[in-house]
>>> print(open('entry.cif').read())   # mmCIF, C-alpha atoms
data_coords
#
loop_
_atom_site.label_atom_id
_atom_site.label_comp_id
_atom_site.auth_asym_id
_atom_site.auth_seq_id
_atom_site.Cartn_x
_atom_site.Cartn_y
_atom_site.Cartn_z
CA MET A 1 0.00 0.00 0.00
CA SER A 2 1.37 3.41 -0.97
CA SER A 3 2.17 5.91 1.76
CA PRO A 4 0.30 9.22 1.61
CA ILE A 5 2.28 12.19 0.31
CA ARG A 6 2.37 15.31 2.47
CA THR A 7 0.37 18.19 1.01
CA LYS A 8 3.45 20.42 1.28
CA ASP A 9 5.56 18.06 -0.84
CA ARG A 10 2.72 17.42 -3.28
CA ASP A 11 2.13 21.14 -3.85
CA ALA A 12 5.87 21.89 -4.17
CA VAL A 13 6.26 19.31 -6.94
CA VAL A 14 3.04 20.09 -8.82
CA GLN A 15 3.39 23.87 -8.72
CA SER A 16 7.04 23.79 -9.82
CA LEU A 17 6.44 21.41 -12.72
CA ARG A 18 3.39 23.33 -13.86
CA ALA A 19 5.52 26.51 -13.99
CA GLY A 20 8.19 24.68 -15.99
CA VAL A 21 10.82 24.75 -13.25
CA VAL A 22 12.54 22.01 -11.29
CA PRO A 23 11.15 21.45 -7.76
CA ARG A 24 13.55 22.13 -4.89
CA ALA A 25 11.76 19.63 -2.64
CA GLY A 26 10.17 16.23 -3.22
CA GLN A 27 12.46 15.27 -6.13
CA HIS A 28 12.57 11.68 -4.88
CA LEU A 29 8.84 11.39 -5.59
CA ILE A 30 9.34 11.73 -9.36
CA GLN A 31 12.88 10.40 -9.84
CA VAL A 32 13.17 7.91 -12.71
CA GLY A 33 16.17 5.94 -13.92
CA ARG A 34 19.81 7.03 -13.54
CA ALA A 35 20.48 4.79 -10.56
CA ARG A 36 24.17 4.43 -11.50
CA GLU A 37 24.65 8.19 -11.81
CA VAL A 38 23.00 8.82 -8.44
CA GLU A 39 25.08 6.07 -6.86
CA THR A 40 28.24 7.72 -8.22
CA LEU A 41 27.40 11.10 -6.68
CA VAL A 42 26.42 9.47 -3.37
CA GLY A 43 29.93 8.00 -3.35
CA ASP A 44 31.32 11.53 -3.74
CA ILE A 45 29.17 12.72 -0.84
CA ASP A 46 30.48 9.90 1.37
CA ARG A 47 34.04 10.86 0.40
CA LEU A 48 33.39 14.46 1.44
CA ALA A 49 31.98 13.31 4.76
CA ASP A 50 35.24 11.41 5.30
CA GLY A 51 37.29 14.61 4.87
CA GLY A 52 38.03 14.14 1.18
CA SER A 53 37.17 16.25 -1.86
CA SER A 54 35.29 15.77 -5.13
CA PHE A 55 34.76 17.35 -8.55
CA ARG A 56 32.10 16.32 -11.06
CA LEU A 57 30.91 17.81 -14.30
CA VAL A 58 27.34 16.68 -15.02
CA ILE A 59 26.91 16.90 -18.79
CA GLY A 60 23.64 16.54 -20.65
CA GLU A 61 21.68 18.00 -23.54
CA TYR A 62 19.25 20.81 -22.88
CA GLY A 63 16.16 19.31 -21.24
CA SER A 64 17.87 16.04 -20.30
CA GLY A 65 17.34 16.67 -16.58
CA LYS A 66 20.63 18.21 -15.40
CA THR A 67 18.98 20.71 -13.07
CA PHE A 68 16.70 18.03 -11.64
CA PHE A 69 19.71 15.75 -11.12
CA LEU A 70 21.68 18.54 -9.37
CA ASN A 71 18.73 19.27 -7.06
CA LEU A 72 18.40 15.58 -6.25
CA VAL A 73 22.10 15.39 -5.35
CA ARG A 74 21.67 18.57 -3.30
CA ALA A 75 18.83 16.99 -1.30
CA ILE A 76 20.80 13.76 -0.71
CA ALA A 77 23.84 15.77 0.47
CA MET A 78 21.78 17.66 3.05
CA GLU A 79 20.36 14.38 4.35
CA ARG A 80 23.96 13.20 4.83
CA LYS A 81 24.71 16.27 7.03
CA LEU A 82 26.53 18.25 4.36
CA VAL A 83 26.05 21.97 3.88
CA VAL A 84 25.12 22.82 0.29
CA ALA A 85 25.76 26.07 -1.59
CA SER A 86 24.04 26.40 -4.97
CA ALA A 87 23.80 29.03 -7.70
CA ASP A 88 23.29 29.42 -11.45
CA LEU A 89 25.95 31.10 -13.54
CA ASN A 90 24.84 34.03 -15.71
CA PRO A 91 26.54 37.04 -17.37
CA ASP A 92 26.78 38.70 -13.93
CA ARG A 93 27.99 35.61 -12.05
CA ARG A 94 31.04 33.63 -13.12
CA LEU A 95 34.07 31.84 -11.67
CA HIS A 96 36.64 34.45 -12.65
CA ALA A 97 36.23 38.15 -13.39
CA SER A 98 37.61 41.57 -12.62
CA GLY A 99 34.37 43.55 -12.49
CA GLY A 100 32.70 41.95 -9.46
CA GLN A 101 31.03 39.02 -11.26
CA ALA A 102 33.00 36.36 -9.35
CA ARG A 103 32.28 38.03 -6.01
CA SER A 104 28.62 38.19 -7.06
CA LEU A 105 28.66 34.42 -7.61
CA TYR A 106 30.20 33.87 -4.17
CA ALA A 107 27.61 36.13 -2.52
CA GLU A 108 24.80 34.18 -4.23
CA LEU A 109 26.28 30.88 -3.04
CA MET A 110 26.44 32.13 0.54
CA ARG A 111 22.87 33.48 0.43
CA ASN A 112 21.73 30.05 -0.79
CA LEU A 113 23.75 28.12 1.80
CA ALA A 114 21.44 25.33 2.96
CA THR A 115 21.35 22.59 5.58
CA ARG A 116 18.88 19.84 6.41
CA THR A 117 17.10 22.13 8.88
CA LYS A 118 17.21 25.16 6.55
CA PRO A 119 16.84 23.62 3.08
CA GLU A 120 15.67 26.84 1.41
CA GLY A 121 18.93 28.68 2.11
CA GLY A 122 20.02 31.44 4.48
CA ALA A 123 21.81 28.95 6.75
CA LEU A 124 25.11 30.84 7.17
CA PRO A 125 24.25 32.44 10.56
CA ALA A 126 23.06 29.05 11.84
CA VAL A 127 26.35 27.43 10.75
CA VAL A 128 28.39 30.12 12.55
CA GLU A 129 26.28 29.81 15.70
CA LYS A 130 26.64 26.02 15.69
CA PHE A 131 30.42 26.48 15.60
CA ILE A 132 30.21 28.94 18.50
CA ALA A 133 27.94 26.63 20.49
CA THR A 134 30.43 23.80 20.02
CA ALA A 135 33.27 26.08 21.16
CA LYS A 136 31.28 27.20 24.23
CA SER A 137 30.65 23.60 25.26
CA GLU A 138 34.33 22.79 24.84
CA SER A 139 35.44 25.88 26.79
CA LYS A 140 33.09 25.00 29.64
CA ALA A 141 34.45 21.46 29.77
CA LYS A 142 38.07 22.72 29.79
CA ASN A 143 37.33 25.76 31.97
CA VAL A 144 39.04 28.17 29.54
CA PRO A 145 37.73 31.33 27.79
CA THR A 146 35.49 30.66 24.80
CA GLU A 147 37.43 32.99 22.49
CA GLN A 148 40.60 31.04 23.30
CA VAL A 149 38.89 27.84 22.15
CA ILE A 150 37.58 29.57 19.02
CA ARG A 151 41.06 30.82 18.14
CA ALA A 152 42.57 27.38 18.76
CA LYS A 153 39.97 25.66 16.56
CA LEU A 154 40.48 28.20 13.77
CA GLU A 155 44.28 27.98 13.93
CA GLN A 156 44.33 25.50 11.06
CA LEU A 157 42.61 28.04 8.80
CA THR A 158 45.47 30.52 9.09
CA GLU A 159 47.54 28.51 6.61
CA LEU A 160 45.01 29.39 3.89
CA VAL A 161 44.60 32.68 2.01
CA ASN A 162 42.65 35.21 4.16
CA GLY A 163 42.68 32.68 7.00
CA TYR A 164 43.71 35.16 9.70
CA ASP A 165 40.98 37.62 8.78
CA PHE A 166 38.43 34.81 8.56
CA ALA A 167 39.29 33.85 12.15
CA ASP A 168 39.02 37.50 13.24
CA VAL A 169 35.55 37.77 11.69
CA ILE A 170 34.31 34.64 13.49
CA ALA A 171 35.73 36.05 16.74
CA ALA A 172 33.92 39.33 16.04
CA TYR A 173 30.65 37.43 15.60
CA TRP A 174 31.29 35.75 18.94
CA ARG A 175 31.78 39.12 20.65
CA GLY A 176 28.58 40.40 19.10
CA PHE A 177 26.83 37.24 20.26
CA GLU A 178 28.06 37.70 23.85
CA GLU A 179 27.49 41.46 24.03
CA GLY A 180 24.13 41.45 22.25
CA ASN A 181 25.62 43.63 19.52
CA GLU A 182 23.45 42.81 16.51
CA GLN A 183 25.33 45.25 14.27
CA LEU A 184 28.62 43.47 14.88
CA LYS A 185 27.01 40.10 14.15
CA SER A 186 25.43 41.51 10.99
CA ASP A 187 28.75 42.96 9.80
CA ALA A 188 30.48 39.61 10.39
CA ILE A 189 27.86 37.78 8.32
CA ARG A 190 28.12 40.44 5.60
CA TRP A 191 31.88 39.84 5.40
CA LEU A 192 31.42 36.07 5.28
CA ARG A 193 28.86 36.50 2.48
CA GLY A 194 31.23 38.68 0.45
CA GLU A 195 28.98 41.73 0.67
CA PHE A 196 31.66 44.29 1.62
CA THR A 197 32.82 46.12 -1.49
CA THR A 198 35.74 48.11 0.00
CA ARG A 199 38.51 47.24 2.44
CA THR A 200 37.98 50.57 4.20
CA ASP A 201 34.42 49.62 5.17
CA ALA A 202 35.51 46.17 6.34
CA LYS A 203 38.32 47.62 8.47
CA ALA A 204 35.99 50.17 10.05
CA ALA A 205 33.33 47.56 10.85
CA LEU A 206 35.44 44.54 11.82
CA GLY A 207 39.08 45.60 11.98
CA VAL A 208 40.12 43.27 9.14
CA ARG A 209 42.24 44.29 6.18
CA THR A 210 40.82 42.08 3.44
CA ILE A 211 37.47 41.41 1.80
CA VAL A 212 36.16 38.71 -0.48
CA ASP A 213 36.93 40.00 -3.97
CA ASP A 214 37.01 38.49 -7.45
CA ALA A 215 40.54 37.18 -6.98
CA SER A 216 39.88 35.36 -3.70
CA VAL A 217 36.53 33.65 -4.32
CA TYR A 218 37.85 30.12 -4.69
CA ASP A 219 40.22 30.56 -1.72
CA GLN A 220 37.25 31.74 0.34
CA LEU A 221 35.27 28.63 -0.62
CA LYS A 222 38.16 26.48 0.59
CA LEU A 223 38.14 28.40 3.89
CA MET A 224 34.39 27.99 4.20
CA GLY A 225 34.67 24.25 3.54
CA ARG A 226 37.19 23.85 6.37
CA PHE A 227 35.13 26.03 8.72
CA ILE A 228 31.91 24.12 8.02
CA HIS A 229 33.71 20.89 8.88
CA LEU A 230 34.91 22.46 12.16
CA ALA A 231 31.31 23.46 12.91
CA GLY A 232 30.35 19.79 13.00
CA TYR A 233 28.97 19.26 9.51
CA SER A 234 30.23 16.61 7.10
CA GLY A 235 31.51 19.11 4.50
CA LEU A 236 30.51 21.67 1.88
CA LEU A 237 29.06 20.74 -1.52
CA VAL A 238 28.98 23.53 -4.12
CA CYS A 239 26.39 23.02 -6.89
CA LEU A 240 26.76 25.27 -9.93
CA ASP A 241 24.36 25.09 -12.87
CA GLU A 242 24.26 26.76 -16.29
CA LEU A 243 28.02 26.60 -16.91
CA VAL A 244 27.15 27.08 -20.56
CA ASN A 245 27.33 30.80 -19.71
CA LEU A 246 31.14 30.46 -19.67
CA TYR A 247 31.03 28.93 -23.15
CA LYS A 248 28.95 31.89 -24.32
CA LEU A 249 31.56 34.50 -23.33
CA ALA A 250 32.76 36.30 -26.47
CA ASN A 251 36.26 37.10 -25.27
CA ALA A 252 38.70 34.16 -25.46
CA GLN A 253 40.88 35.35 -22.59
CA ALA A 254 37.87 35.84 -20.33
CA ARG A 255 36.75 32.26 -21.11
CA ASN A 256 40.22 30.86 -20.53
CA SER A 257 40.49 32.62 -17.17
CA ASN A 258 37.28 30.90 -16.08
CA TYR A 259 38.47 27.56 -17.43
CA GLU A 260 41.70 28.06 -15.50
CA GLN A 261 39.63 28.32 -12.32
CA LEU A 262 37.93 25.04 -13.25
CA LEU A 263 41.37 23.48 -13.69
CA ARG A 264 42.44 24.73 -10.28
CA MET A 265 39.33 23.28 -8.66
CA LEU A 266 39.82 19.95 -10.45
CA ASN A 267 43.51 19.72 -9.54
CA ASP A 268 42.84 20.48 -5.87
CA SER A 269 40.16 17.80 -5.82
CA LEU A 270 42.35 15.18 -7.49
CA GLN A 271 45.25 16.01 -5.17
CA GLY A 272 43.07 16.08 -2.04
CA THR A 273 44.05 19.60 -0.97
CA ALA A 274 40.47 20.99 -0.81
CA VAL A 275 39.49 19.30 2.46
CA GLY A 276 35.76 18.72 2.87
CA LEU A 277 34.92 20.64 -0.32
CA GLY A 278 33.12 19.19 -3.33
CA PHE A 279 31.85 20.58 -6.63
CA VAL A 280 29.00 19.41 -8.85
CA LEU A 281 28.78 21.48 -12.04
CA GLY A 282 26.10 21.26 -14.72
CA GLY A 283 26.75 21.97 -18.41
CA THR A 284 25.88 20.96 -21.98
CA PRO A 285 27.95 18.82 -24.39
CA ASP A 286 28.90 21.96 -26.36
CA PHE A 287 30.20 23.59 -23.19
CA LEU A 288 32.43 20.58 -22.59
CA MET A 289 33.52 19.31 -26.00
CA ASP A 290 33.59 22.29 -28.37
CA THR A 291 37.31 22.65 -29.15
CA ARG A 292 36.88 26.27 -30.22
CA ARG A 293 35.04 27.80 -27.24
CA GLY A 294 34.26 24.94 -24.86
CA VAL A 295 36.24 23.42 -22.01
CA TYR A 296 38.13 21.26 -24.52
CA SER A 297 39.60 24.47 -25.99
CA TYR A 298 41.71 24.61 -22.81
CA GLN A 299 44.25 21.87 -23.38
CA ALA A 300 45.03 21.12 -19.74
CA LEU A 301 41.35 20.49 -19.02
CA GLN A 302 40.78 18.47 -22.18
CA SER A 303 43.47 15.98 -21.19
CA ARG A 304 41.97 15.56 -17.72
CA LEU A 305 38.33 15.37 -18.79
CA ALA A 306 38.60 13.29 -21.98
CA GLN A 307 36.18 10.39 -22.19
CA ASN A 308 37.45 6.87 -21.61
CA THR A 309 37.97 5.47 -25.13
CA PHE A 310 36.81 2.04 -23.97
CA ALA A 311 33.43 3.42 -22.76
CA THR A 312 31.60 2.94 -26.06
CA ASN A 313 28.72 0.86 -27.43
CA GLY A 314 26.71 1.09 -24.23
CA LEU A 315 29.68 0.68 -21.87
CA VAL A 316 30.01 3.33 -19.16
CA ASP A 317 32.72 4.64 -16.86
CA PHE A 318 31.64 6.75 -13.89
CA SER A 319 35.05 6.88 -12.22
CA GLY A 320 36.20 9.99 -14.10
CA PRO A 321 35.29 13.63 -13.34
CA VAL A 322 32.59 13.74 -16.08
CA VAL A 323 29.14 12.18 -15.60
CA ARG A 324 27.17 12.15 -18.85
CA LEU A 325 23.40 12.09 -18.56
CA SER A 326 21.49 10.41 -21.36
CA SER A 327 18.09 11.73 -22.37
CA LEU A 328 14.98 10.04 -21.01
CA THR A 329 13.63 7.11 -22.99
CA ALA A 330 9.95 6.77 -23.82
CA GLU A 331 9.72 4.07 -21.13
CA ASP A 332 11.31 6.38 -18.56
CA PHE A 333 8.88 9.10 -19.52
CA TYR A 334 5.89 6.81 -19.06
CA VAL A 335 7.10 6.00 -15.54
CA LEU A 336 7.60 9.73 -14.90
CA LEU A 337 4.03 10.56 -15.93
CA THR A 338 2.61 7.80 -13.72
CA LYS A 339 4.64 9.17 -10.80
CA ILE A 340 3.34 12.69 -11.45
CA ARG A 341 -0.20 11.26 -11.50
CA HIS A 342 0.54 9.56 -8.18
CA VAL A 343 1.89 12.77 -6.62
CA TYR A 344 -1.07 14.78 -7.92
CA ALA A 345 -3.39 12.31 -6.16
CA GLY A 346 -1.49 12.78 -2.89
CA GLY A 347 -0.30 9.19 -2.98
CA ASP A 348 -3.84 7.76 -2.98
CA GLN A 349 -4.47 5.41 -5.92
CA ALA A 350 -8.21 5.77 -5.44
CA LYS A 351 -7.89 9.44 -6.38
CA TYR A 352 -6.12 8.90 -9.72
CA LEU A 353 -7.69 11.21 -12.31
CA LEU A 354 -6.47 9.17 -15.29
CA PRO A 355 -6.17 5.42 -15.92
CA ASP A 356 -3.00 3.85 -17.39
CA GLU A 357 -4.67 3.78 -20.78
CA ALA A 358 -5.00 7.57 -20.71
CA VAL A 359 -1.27 8.00 -20.00
CA HIS A 360 -0.47 5.91 -23.08
CA GLN A 361 -2.89 7.91 -25.22
CA PHE A 362 -1.46 11.19 -23.94
CA MET A 363 2.04 10.06 -24.96
CA GLU A 364 0.82 8.99 -28.40
CA HIS A 365 -0.86 12.36 -28.88
CA CYS A 366 2.37 14.19 -27.94
CA ALA A 367 4.45 11.97 -30.24
CA ASN A 368 2.12 12.78 -33.14
CA ARG A 369 2.41 16.50 -32.42
CA ILE A 370 6.16 16.99 -31.78
CA GLY A 371 7.82 13.59 -32.30
CA ASP A 372 10.48 12.26 -29.94
CA ASN A 373 11.01 15.72 -28.43
CA PHE A 374 8.07 15.04 -26.12
CA PHE A 375 10.27 12.81 -23.95
CA ARG A 376 13.76 14.05 -24.86
CA THR A 377 13.02 17.65 -23.80
CA PRO A 378 9.87 17.04 -21.77
CA ARG A 379 9.32 20.34 -19.96
CA THR A 380 6.35 21.52 -22.07
CA THR A 381 4.91 18.00 -22.19
CA ILE A 382 4.94 17.70 -18.40
CA THR A 383 3.29 21.12 -18.07
CA ALA A 384 0.55 20.03 -20.49
CA PHE A 385 0.00 16.80 -18.52
CA ILE A 386 -0.41 18.68 -15.24
CA ASN A 387 -2.77 21.16 -16.91
CA LEU A 388 -4.83 18.18 -18.05
CA LEU A 389 -4.96 16.80 -14.50
CA ALA A 390 -5.94 20.22 -13.16
CA VAL A 391 -8.93 20.46 -15.52
CA LEU A 392 -10.08 16.94 -14.65
CA GLU A 393 -9.77 17.65 -10.93
CA GLN A 394 -11.78 20.88 -11.08
CA ASN A 395 -14.42 19.55 -13.49
CA PRO A 396 -15.57 16.19 -12.11
CA GLY A 397 -17.18 13.88 -14.64
CA THR A 398 -15.31 15.33 -17.62
CA ASN A 399 -14.42 12.75 -20.28
CA TRP A 400 -10.63 12.48 -20.50
CA GLN A 401 -10.74 11.02 -24.05
CA SER A 402 -12.22 14.25 -25.41
CA LEU A 403 -9.63 16.38 -23.61
CA ILE A 404 -6.50 14.52 -24.68
CA GLY A 405 -7.11 15.14 -28.37
CA ALA A 406 -7.32 18.87 -27.67
CA VAL A 407 -4.09 19.11 -25.63
CA GLU A 408 -1.72 21.61 -27.23
CA VAL A 409 1.96 20.62 -26.97
CA LYS A 410 4.82 22.63 -28.40
CA PRO A 411 8.48 21.65 -28.67
CA ASP A 412 10.73 23.13 -25.99
CA LEU A 413 13.09 25.44 -27.90
CA GLY A 414 14.77 27.00 -24.87
CA GLY A 415 18.07 25.27 -25.58
CA GLN A 416 18.61 27.21 -28.80
CA GLY A 417 19.93 30.13 -26.76
CA ASP A 418 22.80 28.03 -25.40
CA LEU A 419 24.91 28.83 -28.47
CA ASP A 420 24.34 32.60 -28.34
CA VAL A 421 27.52 34.53 -27.62
CA VAL A 422 27.30 37.06 -24.79
CA GLU A 423 29.34 40.20 -25.25
CA ASP A 424 31.73 40.48 -22.33
CA ASP A 425 31.55 43.73 -20.38
CA GLU A 426 35.13 43.18 -19.26
CA LEU A 427 36.79 43.25 -22.67
CA THR A 428 38.94 46.19 -21.75
CA SER A 429 40.24 44.31 -18.72
CA PHE A 430 41.52 41.45 -20.88
CA LYS A 431 43.23 43.34 -23.69
CA LEU A 432 46.85 42.35 -24.10
#
>>> encode(input="entry.cif", output="structure tokens")
Amino acid sequence: MSSPIRTKDRDAVVQSLRAGVVPRAGQHLIQVGRAREVETLVGDIDRLADGGSSFRLVIGEYGSGKTFFLNLVRAIAMERKLVVASADLNPDRRLHASGGQARSLYAELMRNLATRTKPEGGALPAVVEKFIATAKSESKAKNVPTEQVIRAKLEQLTELVNGYDFADVIAAYWRGFEEGNEQLKSDAIRWLRGEFTTRTDAKAALGVRTIVDDASVYDQLKLMGRFIHLAGYSGLLVCLDELVNLYKLANAQARNSNYEQLLRMLNDSLQGTAVGLGFVLGGTPDFLMDTRRGVYSYQALQSRLAQNTFATNGLVDFSGPVVRLSSLTAEDFYVLLTKIRHVYAGGDQAKYLLPDEAVHQFMEHCANRIGDNFFRTPRTTITAFINLLAVLEQNPGTNWQSLIGAVEVKPDLGGQGDLDVVEDDELTSFKL
């Protein structure tokens, strides 16, 4: 007998899919296929929890389910006591820049910092306070001042870039916590989020000489990974989607600078120097394999990310940094629609609005309208299916056979913009 689905989870899934976006909660309710890929990423999560590091590029065609897969991994990571930071790249957020775009990406990641108890983001203050609570308990047990314990625990961070100032900011938060100084606590969180734009402001507010700027974003993520581990969590997983925006940069040197950051992240992961820090990055095949503008245009990355030549004719290799997602099959899509029907009914089979026969007829109708695209890029098809369920729910007694023939389905053409070149607003910064 099926378990009932909570109304909160049911509504989160249905409303997101109807709007054409990936749900942030309840992904397990509609997950189909890709057991090997999920198993691979769970292995990465376990490695992070053991103090290791990881780096994965999740590659798939537009509409193949990359964003859904990343959100599923994100949810699994939080269940395993990891802290997750997630963001989408866009023209104003990238890995390397000189006009504030990299700092903007870092600030977005910190705003979206999530834990199992705060899955929607905004968890940074809670992480800092958990670290302080742990330090207070330890200081009470040892009968020594709390700040002394904090400094001792953060001593290992001082070997990293900005480590001393990071420790000073955490100590400042502690003082604000003890003195009831909300402004000091707020300034400390602002610094940790990368929201200070000048060193003068940071020095006046916190007495530190550095800020998170474009050049130090990756170093700051390494610091944050170590700190999160000290706070009692299993590690930090950074999920970045829409890496195709790096491919779309017009200026070759701007692209290469971003690819160089990818190389640095990959090397640190392979060498085990990014303790408790993992990356899961989503991109398209063009972003990866285009030798003119893609990652493969950067020779050092191409050699490290090249596909195993033996993994052909249905053979797979998930041990490398690249995980390739295949498109859904028609069979997968049928299972997906039946799961959506189940979620829509709140997990109660007696409340199904459509029989199995209707699901088959709906798929046939979509295939006649737009061909195989109905399951290869299924966003518009799923929206149409949920719209059909909504009409049947609100109009009891309506004949589903008459409705299916009138369902309008259009191909999802959103991926055509992936090849558009974006003029770089930093061109003057990269002139030789």
>>> resolve_selection(input="entry.cif", expression="the PyMOL selection byres ((chain A and resi 53) around 12)", output="ChimeraX atom specification")
/A:43-52,54-56,222,225-226,234-238,265-280,321
>>> closest_residue(input="entry.cif", among="A:Pro145, A:Leu72, A:Ala231, A:Thr158", to="A:Pro125", atoms="all atoms listed in the file")
A:Ala231
>>> resolve_selection(input="entry.cif", expression="the PyMOL selection byres ((chain A and resi 113) around 12)", output="count of residues only")
40
>>> atom_distance(input="entry.cif", atom1="atom CA of A:Lys66", atom2="atom CA of A:Arg292")
23.4 Å
>>> residues_near_point(input="entry.cif", point="(35.2, 38.4, 10.6)", cutoff="10 Å", atoms="all atoms listed in the file", output="ChimeraX atom specification")
/A:164-174,184-185,187-192,202-203,205-208,210-211
